[in-house]
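Engineer: Structure: my_file_12.cif, mmCIF, C-alpha atoms.
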data_model
#
loop_
_atom_site.label_atom_id
_atom_site.label_comp_id
_atom_site.auth_asym_id
_atom_site.auth_seq_id
_atom_site.Cartn_x
_atom_site.Cartn_y
_atom_site.Cartn_z
CA MET A 1 -1.17 20.37 17.29
CA LYS A 2 -2.59 21.54 13.96
CA LYS A 3 -3.18 18.61 11.59
CA ILE A 4 -3.06 19.01 7.81
CA ALA A 5 -4.26 16.08 5.67
CA VAL A 6 -3.14 15.84 2.04
CA ILE A 7 -5.81 13.92 0.15
CA ASN A 8 -6.81 12.95 -3.37
CA GLN A 9 -8.31 9.58 -4.22
CA LYS A 10 -6.62 9.75 -7.62
CA GLY A 11 -2.96 8.78 -7.83
CA GLY A 12 -0.34 10.69 -9.79
CA VAL A 13 -1.32 14.20 -8.68
CA GLY A 14 1.84 14.77 -6.63
CA LYS A 15 0.23 14.18 -3.26
CA SER A 16 3.31 12.70 -1.57
CA THR A 17 5.58 15.42 -2.98
CA VAL A 18 3.26 18.03 -1.47
CA ALA A 19 3.33 16.24 1.91
CA VAL A 20 7.14 15.85 1.86
CA SER A 21 7.78 19.46 0.83
CA LEU A 22 5.17 20.91 3.17
CA SER A 23 6.47 19.04 6.22
CA TYR A 24 10.04 20.10 5.44
CA GLY A 25 8.94 23.71 4.95
CA LEU A 26 7.16 23.78 8.31
CA ALA A 27 10.21 22.32 10.05
CA GLU A 28 12.47 24.80 8.25
CA ASN A 29 10.30 27.56 9.71
CA LEU A 30 11.12 26.27 13.21
CA LYS A 31 7.80 24.52 13.70
CA LYS A 32 8.03 21.14 15.43
CA THR A 33 6.51 19.00 12.70
CA LEU A 34 5.36 15.40 12.34
CA LEU A 35 4.92 13.69 8.97
CA VAL A 36 2.48 10.77 9.18
CA ASP A 37 2.63 8.54 6.11
CA LEU A 38 -0.78 6.85 5.94
CA ASP A 39 -0.14 5.33 2.51
CA PRO A 40 0.98 1.66 2.64
CA GLN A 41 3.20 2.39 -0.38
CA ALA A 42 5.29 4.53 2.01
CA HIS A 43 6.60 6.97 -0.60
CA SER A 44 6.78 10.07 1.58
CA CYS A 45 8.28 8.50 4.71
CA GLU A 46 11.02 6.71 2.73
CA ILE A 47 12.63 10.06 1.90
CA TYR A 48 13.06 10.71 5.63
CA ARG A 49 14.04 7.21 6.67
CA LYS A 50 17.46 6.42 8.16
CA ASN A 51 18.63 3.01 6.98
CA ASN A 52 16.30 0.25 8.23
CA ASP A 53 16.06 1.18 11.90
CA VAL A 54 12.25 1.52 11.99
CA ASN A 55 10.77 -1.06 14.35
CA TYR A 56 7.28 0.42 14.81
CA THR A 57 4.93 1.81 12.18
CA LEU A 58 1.31 2.82 11.72
CA LYS A 59 0.47 -0.87 11.68
CA ASP A 60 1.17 -0.95 15.43
CA LEU A 61 -1.00 2.11 16.10
CA PHE A 62 -4.00 0.65 14.29
CA THR A 63 -3.52 -2.88 15.64
CA ASP A 64 -3.35 -1.85 19.30
CA ILE A 65 -5.28 1.22 20.49
CA ARG A 66 -3.21 1.14 23.71
CA PHE A 67 0.11 1.23 21.85
CA ASP A 68 2.41 4.05 23.00
CA VAL A 69 2.47 6.31 19.93
CA ASN A 70 5.77 7.86 21.01
CA ARG A 71 7.51 4.56 20.19
CA ALA A 72 6.52 4.99 16.53
CA VAL A 73 7.84 8.56 16.22
CA TYR A 74 11.28 8.69 14.59
CA PRO A 75 13.56 11.65 13.80
CA ALA A 76 13.63 12.49 10.10
CA TYR A 77 16.86 12.00 8.18
CA VAL A 78 17.88 12.79 4.61
CA LYS A 79 20.97 10.95 3.42
CA ASP A 80 21.89 10.18 7.07
CA LYS A 81 21.65 13.87 8.03
CA LYS A 82 19.12 14.60 10.76
CA ILE A 83 16.50 17.22 9.90
CA ASP A 84 15.83 19.60 12.78
CA ASN A 85 12.23 19.96 13.99
CA LEU A 86 10.95 17.09 11.84
CA ASP A 87 9.73 13.66 13.00
CA VAL A 88 8.07 10.84 11.07
CA ILE A 89 5.59 8.06 11.74
CA HIS A 90 6.40 5.50 9.08
CA SER A 91 4.13 3.29 7.02
CA SER A 92 4.71 -0.12 5.47
CA ILE A 93 3.10 -2.42 2.94
CA LEU A 94 1.80 -4.50 5.88
CA PHE A 95 -0.38 -1.55 6.88
CA ALA A 96 -2.76 -2.29 3.99
CA LYS A 97 -3.92 -5.55 5.57
CA VAL A 98 -4.40 -3.95 8.98
CA ALA A 99 -6.55 -1.25 7.38
CA GLU A 100 -8.94 -3.94 6.15
CA GLN A 101 -9.12 -5.50 9.61
CA VAL A 102 -10.16 -2.29 11.42
CA SER A 103 -13.02 -1.54 9.02
CA SER A 104 -15.53 -3.30 11.29
CA ARG A 105 -14.24 -1.83 14.54
CA ILE A 106 -16.40 0.54 16.60
CA HIS A 107 -15.22 4.18 16.40
CA ARG A 108 -12.77 3.13 13.70
CA GLU A 109 -12.63 6.70 12.34
CA LYS A 110 -11.11 7.94 15.64
CA ILE A 111 -8.09 5.61 15.89
CA LEU A 112 -5.56 8.04 14.46
CA HIS A 113 -7.04 11.00 16.33
CA ASN A 114 -6.79 9.21 19.67
CA HIS A 115 -3.11 8.47 19.10
CA LEU A 116 -2.08 11.89 17.76
CA ARG A 117 -3.69 13.80 20.61
CA LYS A 118 -1.01 12.31 22.89
CA LEU A 119 1.77 14.08 20.95
CA PHE A 120 2.94 17.67 21.29
CA HIS A 121 4.14 18.79 17.86
CA ASP A 122 3.11 22.13 16.40
CA TYR A 123 1.97 20.55 13.13
CA ALA A 124 1.24 17.12 11.71
CA VAL A 125 1.13 16.54 7.95
CA LEU A 126 -0.91 13.45 7.02
CA ASP A 127 -0.11 11.88 3.63
CA CYS A 128 -3.16 9.79 2.70
CA PRO A 129 -3.57 6.77 0.40
CA PRO A 130 -5.27 7.35 -3.00
CA ASN A 131 -8.72 6.20 -1.90
CA LEU A 132 -11.52 7.09 0.51
CA GLY A 133 -11.17 4.02 2.72
CA VAL A 134 -11.05 3.82 6.51
CA ILE A 135 -7.49 5.22 6.73
CA THR A 136 -8.35 8.36 4.77
CA ILE A 137 -11.52 8.74 6.86
CA ASN A 138 -9.30 8.68 9.96
CA ALA A 139 -7.23 11.51 8.48
CA ILE A 140 -10.31 13.55 7.58
CA TYR A 141 -11.78 13.07 11.06
CA THR A 142 -8.69 14.38 12.87
CA ALA A 143 -7.59 17.05 10.38
CA ASP A 144 -7.90 20.77 11.07
CA LEU A 145 -7.22 21.48 7.40
CA ILE A 146 -7.52 19.33 4.28
CA ILE A 147 -5.39 20.01 1.21
CA ILE A 148 -6.46 18.52 -2.11
CA PRO A 149 -3.70 18.58 -4.75
CA VAL A 150 -4.97 18.55 -8.33
CA SER A 151 -2.79 18.24 -11.41
CA TYR A 152 -3.44 19.73 -14.81
CA ASP A 153 -5.06 16.73 -16.45
CA LYS A 154 -8.72 15.83 -16.81
CA GLY A 155 -8.57 12.78 -14.56
CA ALA A 156 -7.37 14.86 -11.61
CA LEU A 157 -10.84 16.37 -11.29
CA ASP A 158 -12.65 13.03 -11.23
CA GLY A 159 -14.26 12.47 -7.86
CA MET A 160 -13.54 15.99 -6.56
CA ALA A 161 -17.19 16.60 -5.65
CA ASP A 162 -17.41 13.17 -3.98
CA LEU A 163 -14.30 13.90 -1.92
CA ILE A 164 -15.62 17.25 -0.74
CA GLU A 165 -18.98 15.68 0.18
CA THR A 166 -17.18 12.93 2.09
CA VAL A 167 -15.23 15.55 4.04
CA LYS A 168 -18.45 17.39 4.91
CA GLU A 169 -20.08 14.15 6.06
CA VAL A 170 -17.15 13.10 8.26
CA LYS A 171 -16.60 16.59 9.69
CA GLU A 172 -20.39 17.06 10.08
CA THR A 173 -20.26 20.62 8.78
CA ALA A 174 -21.10 22.34 5.50
CA GLU A 175 -18.13 24.69 5.90
CA SER A 176 -15.37 22.13 5.69
CA PRO A 177 -11.73 23.23 6.07
CA ILE A 178 -10.71 22.39 2.48
CA LEU A 179 -8.06 24.02 0.30
CA ILE A 180 -7.18 23.04 -3.28
CA VAL A 181 -3.61 23.41 -4.52
CA ARG A 182 -2.97 23.33 -8.27
CA ASN A 183 0.05 21.14 -8.91
CA LEU A 184 2.25 20.27 -11.92
CA PHE A 185 1.31 23.52 -13.69
CA ASP A 186 2.96 24.04 -17.10
CA THR A 187 2.59 27.51 -18.63
CA ARG A 188 3.09 26.09 -22.13
CA ASN A 189 -0.15 24.08 -22.04
CA LYS A 190 -2.48 27.04 -22.40
CA GLN A 191 -5.53 25.17 -23.73
CA THR A 192 -5.32 22.45 -21.06
CA ASN A 193 -4.74 25.04 -18.33
CA SER A 194 -7.77 27.02 -19.44
CA TYR A 195 -9.95 23.89 -19.43
CA ILE A 196 -8.84 22.79 -15.94
CA ASP A 197 -9.23 26.28 -14.47
CA THR A 198 -12.77 26.46 -15.91
CA GLU A 199 -13.62 23.05 -14.42
CA LEU A 200 -12.30 24.20 -11.04
CA GLU A 201 -14.47 27.33 -10.94
CA PRO A 202 -17.25 25.64 -8.88
CA PHE A 203 -14.62 25.08 -6.15
CA SER A 204 -13.17 28.62 -6.30
CA LYS A 205 -13.82 29.37 -2.63
CA HIS A 206 -11.46 26.52 -1.72
CA MET A 207 -8.72 27.52 -4.17
CA LEU A 208 -5.24 28.57 -3.09
CA THR A 209 -3.55 31.28 -5.13
CA THR A 210 -0.17 29.53 -5.32
CA LYS A 211 0.41 27.10 -8.19
CA ILE A 212 3.20 24.51 -8.07
CA ARG A 213 4.95 24.52 -11.43
CA ARG A 214 6.00 21.35 -13.21
CA THR A 215 9.80 21.43 -13.13
CA GLU A 216 12.57 18.96 -13.87
CA SER A 217 14.15 19.75 -10.50
CA LEU A 218 11.08 18.33 -8.72
CA ASN A 219 11.38 15.13 -10.75
CA GLN A 220 15.08 14.91 -9.99
CA SER A 221 14.54 15.56 -6.27
CA ARG A 222 12.16 12.57 -6.11
CA ILE A 223 14.74 10.39 -7.84
CA ALA A 224 17.44 11.66 -5.47
CA GLY A 225 15.21 11.02 -2.46
CA GLU A 226 15.40 14.58 -1.17
CA PRO A 227 12.89 17.37 -0.54
CA ILE A 228 13.10 20.02 -3.24
CA GLN A 229 14.28 22.55 -0.63
CA ILE A 230 17.43 20.47 -0.10
CA TYR A 231 17.91 19.25 -3.67
CA ASP A 232 17.71 22.70 -5.29
CA ALA A 233 16.72 25.56 -3.00
CA GLN A 234 16.79 28.09 -5.88
CA SER A 235 14.56 26.12 -8.26
CA ASN A 236 11.07 27.19 -9.29
CA GLY A 237 9.70 24.21 -7.35
CA ALA A 238 11.38 25.30 -4.11
CA LEU A 239 10.24 28.90 -4.62
CA ASP A 240 6.66 27.76 -5.28
CA TYR A 241 6.59 25.71 -2.08
CA LYS A 242 7.96 28.69 -0.16
CA GLU A 243 5.00 30.75 -1.42
CA LEU A 244 2.62 27.89 -0.60
CA MET A 245 3.96 27.84 2.96
CA LYS A 246 3.27 31.57 3.39
CA GLU A 247 -0.27 31.16 2.12
CA LEU A 248 -1.07 28.07 4.18
CA ILE A 249 0.10 29.57 7.45
CA THR A 250 -2.69 32.15 7.18
CA HIS A 251 -5.26 29.34 7.04
CA VAL A 252 -4.05 27.23 9.96
#
Would it be possible to restate this file's structure as structure tokens?
Structural biologist:
Amino acid sequence: MKKIAVINQKGGVGKSTVAVSLSYGLAENLKKTLLVDLDPQAHSCEIYRKNNDVNYTLKDLFTDIRFDVNRAVYPAYVKDKKIDNLDVIHSSILFAKVAEQVSSRIHREKILHNHLRKLFHDYAVLDCPPNLGVITINAIYTADLIIIPVSYDKGALDGMADLIETVKEVKETAESPILIVRNLFDTRNKQTNSYIDTELEPFSKHMLTTKIRRTESLNQSRIAGEPIQIYDAQSNGALDYKELMKELITHV
């Protein structure tokens, strides 16, 4: 299983949308895919949730290291239609309290890794909370590839260097598997775009070529509770994610 963690300690950069769209794109390409929603706000898993039939969540995995992870894996649904090749491990608001409790546990950074290694998907996409706490450290530890979404506003770059250093420390290597995806790109904002691209130059070796454009269809797909590929397969957003998929596959 190849594990891709989507991380940025700043909220509002489109992290969950990237995780939702990426996991759907992998499944659409006939890869058996698992979306793991590590954010207690549970934004990404809610899109793929069928009614209220989720009995086990990440809370159970982190509470009991002997818990059978297969019991927490659910088929993904959109509007009661099952999505082929896509499964989900759901989160919940109760997960936040559990995360605090495991902070003092020995080998706490390996909890997620030890559970996921018992599964046999082709890919796992890990949607992380907007911080660098113990849950995000778990994702970094187990990830084969880390994607950092950045939006085109000044605040999106805050903490970028700290995040990359944290990844290096957890992975214990200077050549960390990090890729940056530029999100919410608006061609009309030329001065802002130029400023952000200049600020990103020190991280150029991590930069993906594909940019995800800011489009109304992406906003509407979030409101509708559907991946952009289902909501509007011909939109710029869907086309951008298709290109992102092609580029990412070469890195994993």
Engineer: Check which residues of range 83-137 of chain A sit at most 12 Å from range 155-163 of chain A using only C-alpha atoms, and return one row each with the closest pair of atoms and their distance in Å to one decimal, ordered by chain and rising number, as a tab-separated table.
Structural biologist:
residue	atom	partner	partner_atom	distance
A:Pro130	CA	A:Leu163	CA	11.2
A:Asn131	CA	A:Leu163	CA	9.5
A:Leu132	CA	A:Leu163	CA	7.7
A:Gly133	CA	A:Leu163	CA	11.4
A:Thr136	CA	A:Leu163	CA	10.5
A:Ile137	CA	A:Leu163	CA	10.6
Engineer: Please identify all polymer residues within 6 Å of Leu145 in chain A, counting all atoms listed in the file, omitting same-chain residues fewer than 2 positions from it, and present them as an MDAnalysis selection string.
Structural biologist: chainID A and resid 4 143 177
Engineer: If the PyMOL selection byres ((chain A and resi 221-232) around 9) were run on this exact file, what residues would it hold? Put them as a list of chain:residue names.
Structural biologist: A:Thr17, A:Val20, A:Ser21, A:Tyr24, A:Gly25, A:Glu46, A:Ile47, A:Tyr48, A:Val78, A:Lys79, A:Glu216, A:Ser217, A:Leu218, A:Asn219, A:Gln220, A:Ala233, A:Gln234, A:Ser235, A:Asn236, A:Gly237, A:Ala238, A:Leu239, A:Tyr241, A:Lys242
Engineer: For a cut-off of 10 Å around (-2.9, 30.0, -8.9), file coordinates, pick out all residues using only C-alpha atoms and list them as JSON, numbers by chain.
Structural biologist: {"A": [180, 181, 182, 183, 185, 197, 207, 208, 209, 210, 211, 212, 213]}
Engineer: What's the separation between CA of Asn29 in chain A and CA of His251 in chain A, in Å to one decimal place?
Structural biologist: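 Between these atoms lies a distance of 15.9 Å.
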Engineer: Would you work out the distance separating CA of Val69 in chain A from CA of Leu34 in chain A, expressed in Å to one decimal?
Structural biologist: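 Atom-to-atom, CA of Val69 in chain A and CA of Leu34 in chain A are spaced 12.2 Å apart.
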Engineer: Quick one: pull the distance between CA of Asn55 in chain A and CA of Asp68 in chain A, Å, one decimal.
Structural biologist: 13.1 Å
Engineer: Just so the selection is clear, what residues does the PyMOL selection byres ((chain A and resi 106-117) around 10) cover here, as a ChimeraX atom specification?
Structural biologist: /A:1,3,34,36,38,58,61-70,99,102-105,118-121,124,134-143,170
Engineer: May I have the selected residues written with C-alpha atoms, as a short mmCIF file (atom, residue, chain, number, x, y, z; two decimals), in the frame of the given file?
Structural biologist:
data_model
loop_
_atom_site.label_atom_id
_atom_site.label_comp_id
_atom_site.auth_asym_id
_atom_site.auth_seq_id
_atom_site.Cartn_x
_atom_site.Cartn_y
_atom_site.Cartn_z
CA MET A 1 -1.17 20.37 17.29
CA LYS A 3 -3.18 18.61 11.59
CA LEU A 34 5.36 15.40 12.34
CA VAL A 36 2.48 10.77 9.18
CA LEU A 38 -0.78 6.85 5.94
CA LEU A 58 1.31 2.82 11.72
CA LEU A 61 -1.00 2.11 16.10
CA PHE A 62 -4.00 0.65 14.29
CA THR A 63 -3.52 -2.88 15.64
CA ASP A 64 -3.35 -1.85 19.30
CA ILE A 65 -5.28 1.22 20.49
CA ARG A 66 -3.21 1.14 23.71
CA PHE A 67 0.11 1.23 21.85
CA ASP A 68 2.41 4.05 23.00
CA VAL A 69 2.47 6.31 19.93
CA ASN A 70 5.77 7.86 21.01
CA ALA A 99 -6.55 -1.25 7.38
CA VAL A 102 -10.16 -2.29 11.42
CA SER A 103 -13.02 -1.54 9.02
CA SER A 104 -15.53 -3.30 11.29
CA ARG A 105 -14.24 -1.83 14.54
CA LYS A 118 -1.01 12.31 22.89
CA LEU A 119 1.77 14.08 20.95
CA PHE A 120 2.94 17.67 21.29
CA HIS A 121 4.14 18.79 17.86
CA ALA A 124 1.24 17.12 11.71
CA VAL A 134 -11.05 3.82 6.51
CA ILE A 135 -7.49 5.22 6.73
CA THR A 136 -8.35 8.36 4.77
CA ILE A 137 -11.52 8.74 6.86
CA ASN A 138 -9.30 8.68 9.96
CA ALA A 139 -7.23 11.51 8.48
CA ILE A 140 -10.31 13.55 7.58
CA TYR A 141 -11.78 13.07 11.06
CA THR A 142 -8.69 14.38 12.87
CA ALA A 143 -7.59 17.05 10.38
CA VAL A 170 -17.15 13.10 8.26
#
Engineer: Can you pull out the residues contacting Asp53 in chain A? Cut-off 12 Å, using only C-alpha atoms, and skip same-chain residues under 2 positions away; I want them as a PDB file with C-alpha atoms, in the frame of the given file.
Structural biologist:
ATOM      1  CA  GLU A  46      11.020   6.710   2.730  1.00  0.00           C
ATOM      2  CA  TYR A  48      13.060  10.710   5.630  1.00  0.00           C
ATOM      3  CA  ARG A  49      14.040   7.210   6.670  1.00  0.00           C
ATOM      4  CA  LYS A  50      17.460   6.420   8.160  1.00  0.00           C
ATOM      5  CA  ASN A  51      18.630   3.010   6.980  1.00  0.00           C
ATOM      6  CA  ASN A  55      10.770  -1.060  14.350  1.00  0.00           C
ATOM      7  CA  TYR A  56       7.280   0.420  14.810  1.00  0.00           C
ATOM      8  CA  THR A  57       4.930   1.810  12.180  1.00  0.00           C
ATOM      9  CA  ALA A  72       6.520   4.990  16.530  1.00  0.00           C
ATOM     10  CA  VAL A  73       7.840   8.560  16.220  1.00  0.00           C
ATOM     11  CA  TYR A  74      11.280   8.690  14.590  1.00  0.00           C
ATOM     12  CA  PRO A  75      13.560  11.650  13.800  1.00  0.00           C
ATOM     13  CA  ALA A  76      13.630  12.490  10.100  1.00  0.00           C
ATOM     14  CA  TYR A  77      16.860  12.000   8.180  1.00  0.00           C
ATOM     15  CA  ASP A  80      21.890  10.180   7.070  1.00  0.00           C
ATOM     16  CA  HIS A  90       6.400   5.500   9.080  1.00  0.00           C
TER      17      HIS A  90
END
Engineer: Please write the residues picked by the PyMOL selection byres ((chain A and resi 193) around 12) on this file as a PDB file with C-alpha atoms, in the coordinates of the input.
Structural biologist:
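Saved file selection39.pdb follows:
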ATOM      1  CA  VAL A 150      -4.970  18.550  -8.330  1.00  0.00           C
ATOM      2  CA  SER A 151      -2.790  18.240 -11.410  1.00  0.00           C
ATOM      3  CA  TYR A 152      -3.440  19.730 -14.810  1.00  0.00           C
ATOM      4  CA  ASP A 153      -5.060  16.730 -16.450  1.00  0.00           C
ATOM      5  CA  LYS A 154      -8.720  15.830 -16.810  1.00  0.00           C
ATOM      6  CA  ARG A 182      -2.970  23.330  -8.270  1.00  0.00           C
ATOM      7  CA  ASN A 183       0.050  21.140  -8.910  1.00  0.00           C
ATOM      8  CA  LEU A 184       2.250  20.270 -11.920  1.00  0.00           C
ATOM      9  CA  PHE A 185       1.310  23.520 -13.690  1.00  0.00           C
ATOM     10  CA  ASP A 186       2.960  24.040 -17.100  1.00  0.00           C
ATOM     11  CA  THR A 187       2.590  27.510 -18.630  1.00  0.00           C
ATOM     12  CA  ARG A 188       3.090  26.090 -22.130  1.00  0.00           C
ATOM     13  CA  ASN A 189      -0.150  24.080 -22.040  1.00  0.00           C
ATOM     14  CA  LYS A 190      -2.480  27.040 -22.400  1.00  0.00           C
ATOM     15  CA  GLN A 191      -5.530  25.170 -23.730  1.00  0.00           C
ATOM     16  CA  THR A 192      -5.320  22.450 -21.060  1.00  0.00           C
ATOM     17  CA  SER A 194      -7.770  27.020 -19.440  1.00  0.00           C
ATOM     18  CA  TYR A 195      -9.950  23.890 -19.430  1.00  0.00           C
ATOM     19  CA  ILE A 196      -8.840  22.790 -15.940  1.00  0.00           C
ATOM     20  CA  ASP A 197      -9.230  26.280 -14.470  1.00  0.00           C
ATOM     21  CA  THR A 198     -12.770  26.460 -15.910  1.00  0.00           C
ATOM     22  CA  GLU A 199     -13.620  23.050 -14.420  1.00  0.00           C
ATOM     23  CA  LEU A 200     -12.300  24.200 -11.040  1.00  0.00           C
ATOM     24  CA  LYS A 211       0.410  27.100  -8.190  1.00  0.00           C
ATOM     25  CA  ARG A 213       4.950  24.520 -11.430  1.00  0.00           C
TER      26      ARG A 213
END
Engineer: Rank A:Asp240, A:Glu172, A:Glu247, A:Asp39 by their smallest atom-to-atom distance to Pro129 in chain A, using all atoms listed in the file, and report the top residue only.
Structural biologist: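 The shortest atom-to-atom distance to Pro129 in chain A comes from A:Asp39.
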Engineer: Could the centre and edge lengths of an axis-aligned box, enclosing all atoms of range 116-120 of chain A in the file with 5 Å extra on each side, be given in Å to one decimal as AutoDock Vina command-line options?
Structural biologist:
--center_x -0.4 --center_y 14.8 --center_z 20.3 --size_x 16.6 --size_y 15.8 --size_z 15.1
Engineer: Restricting the calculation to only C-alpha atoms, which member of A:Ser44, A:Ser92, A:Thr173, A:Asn52 is positioned closest to Gly14 in chain A?
Structural biologist: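 Of A:Ser44, A:Ser92, A:Thr173, A:Asn52, the one nearest Gly14 in chain A is A:Ser44, counting only C-alpha atoms.
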Engineer: My list of candidates is A:Val167, A:Asn85, A:Ile7, A:Lys59. Which is closest to Lys97 in chain A when distances are computed with all atoms listed in the file?
Structural biologist: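 Among the listed residues, the smallest separation from Lys97 in chain A belongs to A:Lys59.
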Engineer: Nearest residue to Gln9 in chain A out of A:Ile249, A:Ile164, A:Glu243, A:Arg214, using all atoms listed in the file?
Structural biologist: A:Ile164
Engineer: Let me make sure I understand: among A:Lys10, A:Leu244, A:Lys82, A:His43, which one has the smallest atom-to-atom distance to Leu22 in chain A if we use only C-alpha atoms?
Structural biologist: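 So, comparing all the options, the nearest one is A:Leu244.
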Engineer: Starting from the sparse input, extend range 163-177 of chain A to N, CA, C and O atoms and give the output as a PDB file, in the coordinates of the input.
Structural biologist:
ATOM      1  N   LEU A 163     -15.256  13.715  -3.015  1.00  0.00           N
ATOM      2  CA  LEU A 163     -14.300  13.900  -1.920  1.00  0.00           C
ATOM      3  C   LEU A 163     -14.758  15.012  -0.989  1.00  0.00           C
ATOM      4  O   LEU A 163     -14.753  14.851   0.240  1.00  0.00           O
ATOM      5  N   ILE A 164     -15.174  16.120  -1.562  1.00  0.00           N
ATOM      6  CA  ILE A 164     -15.620  17.250  -0.740  1.00  0.00           C
ATOM      7  C   ILE A 164     -16.870  16.876   0.062  1.00  0.00           C
ATOM      8  O   ILE A 164     -17.005  17.234   1.242  1.00  0.00           O
ATOM      9  N   GLU A 165     -17.784  16.118  -0.543  1.00  0.00           N
ATOM     10  CA  GLU A 165     -18.980  15.680   0.180  1.00  0.00           C
ATOM     11  C   GLU A 165     -18.615  14.714   1.305  1.00  0.00           C
ATOM     12  O   GLU A 165     -19.206  14.748   2.386  1.00  0.00           O
ATOM     13  N   THR A 166     -17.636  13.851   1.053  1.00  0.00           N
ATOM     14  CA  THR A 166     -17.180  12.930   2.090  1.00  0.00           C
ATOM     15  C   THR A 166     -16.597  13.691   3.270  1.00  0.00           C
ATOM     16  O   THR A 166     -16.859  13.363   4.441  1.00  0.00           O
ATOM     17  N   VAL A 167     -15.813  14.719   2.973  1.00  0.00           N
ATOM     18  CA  VAL A 167     -15.230  15.550   4.040  1.00  0.00           C
ATOM     19  C   VAL A 167     -16.344  16.193   4.862  1.00  0.00           C
ATOM     20  O   VAL A 167     -16.303  16.188   6.099  1.00  0.00           O
ATOM     21  N   LYS A 168     -17.332  16.747   4.200  1.00  0.00           N
ATOM     22  CA  LYS A 168     -18.450  17.390   4.910  1.00  0.00           C
ATOM     23  C   LYS A 168     -19.180  16.402   5.808  1.00  0.00           C
ATOM     24  O   LYS A 168     -19.577  16.726   6.924  1.00  0.00           O
ATOM     25  N   GLU A 169     -19.369  15.178   5.290  1.00  0.00           N
ATOM     26  CA  GLU A 169     -20.080  14.150   6.060  1.00  0.00           C
ATOM     27  C   GLU A 169     -19.292  13.738   7.300  1.00  0.00           C
ATOM     28  O   GLU A 169     -19.858  13.620   8.403  1.00  0.00           O
ATOM     29  N   VAL A 170     -17.978  13.531   7.128  1.00  0.00           N
ATOM     30  CA  VAL A 170     -17.150  13.100   8.260  1.00  0.00           C
ATOM     31  C   VAL A 170     -17.000  14.216   9.279  1.00  0.00           C
ATOM     32  O   VAL A 170     -17.080  13.980  10.490  1.00  0.00           O
ATOM     33  N   LYS A 171     -16.793  15.450   8.784  1.00  0.00           N
ATOM     34  CA  LYS A 171     -16.600  16.590   9.690  1.00  0.00           C
ATOM     35  C   LYS A 171     -17.926  17.113  10.250  1.00  0.00           C
ATOM     36  O   LYS A 171     -17.938  17.916  11.179  1.00  0.00           O
ATOM     37  N   GLU A 172     -19.042  16.669   9.645  1.00  0.00           N
ATOM     38  CA  GLU A 172     -20.390  17.060  10.080  1.00  0.00           C
ATOM     39  C   GLU A 172     -20.567  18.566  10.051  1.00  0.00           C
ATOM     40  O   GLU A 172     -21.119  19.172  10.982  1.00  0.00           O
ATOM     41  N   THR A 173     -20.092  19.183   8.966  1.00  0.00           N
ATOM     42  CA  THR A 173     -20.260  20.620   8.780  1.00  0.00           C
ATOM     43  C   THR A 173     -20.252  20.933   7.296  1.00  0.00           C
ATOM     44  O   THR A 173     -19.543  20.290   6.521  1.00  0.00           O
ATOM     45  N   ALA A 174     -21.051  21.932   6.905  1.00  0.00           N
ATOM     46  CA  ALA A 174     -21.100  22.340   5.500  1.00  0.00           C
ATOM     47  C   ALA A 174     -19.890  23.193   5.141  1.00  0.00           C
ATOM     48  O   ALA A 174     -19.488  23.275   3.982  1.00  0.00           O
ATOM     49  N   GLU A 175     -19.303  23.841   6.136  1.00  0.00           N
ATOM     50  CA  GLU A 175     -18.130  24.690   5.900  1.00  0.00           C
ATOM     51  C   GLU A 175     -16.871  23.914   6.265  1.00  0.00           C
ATOM     52  O   GLU A 175     -16.255  24.136   7.303  1.00  0.00           O
ATOM     53  N   SER A 176     -16.509  22.991   5.418  1.00  0.00           N
ATOM     54  CA  SER A 176     -15.370  22.130   5.690  1.00  0.00           C
ATOM     55  C   SER A 176     -14.057  22.853   5.420  1.00  0.00           C
ATOM     56  O   SER A 176     -13.968  23.673   4.501  1.00  0.00           O
ATOM     57  N   PRO A 177     -13.020  22.556   6.213  1.00  0.00           N
ATOM     58  CA  PRO A 177     -11.730  23.230   6.070  1.00  0.00           C
ATOM     59  C   PRO A 177     -10.921  22.644   4.912  1.00  0.00           C
ATOM     60  O   PRO A 177      -9.983  21.877   5.107  1.00  0.00           O
TER      61      PRO A 177
END
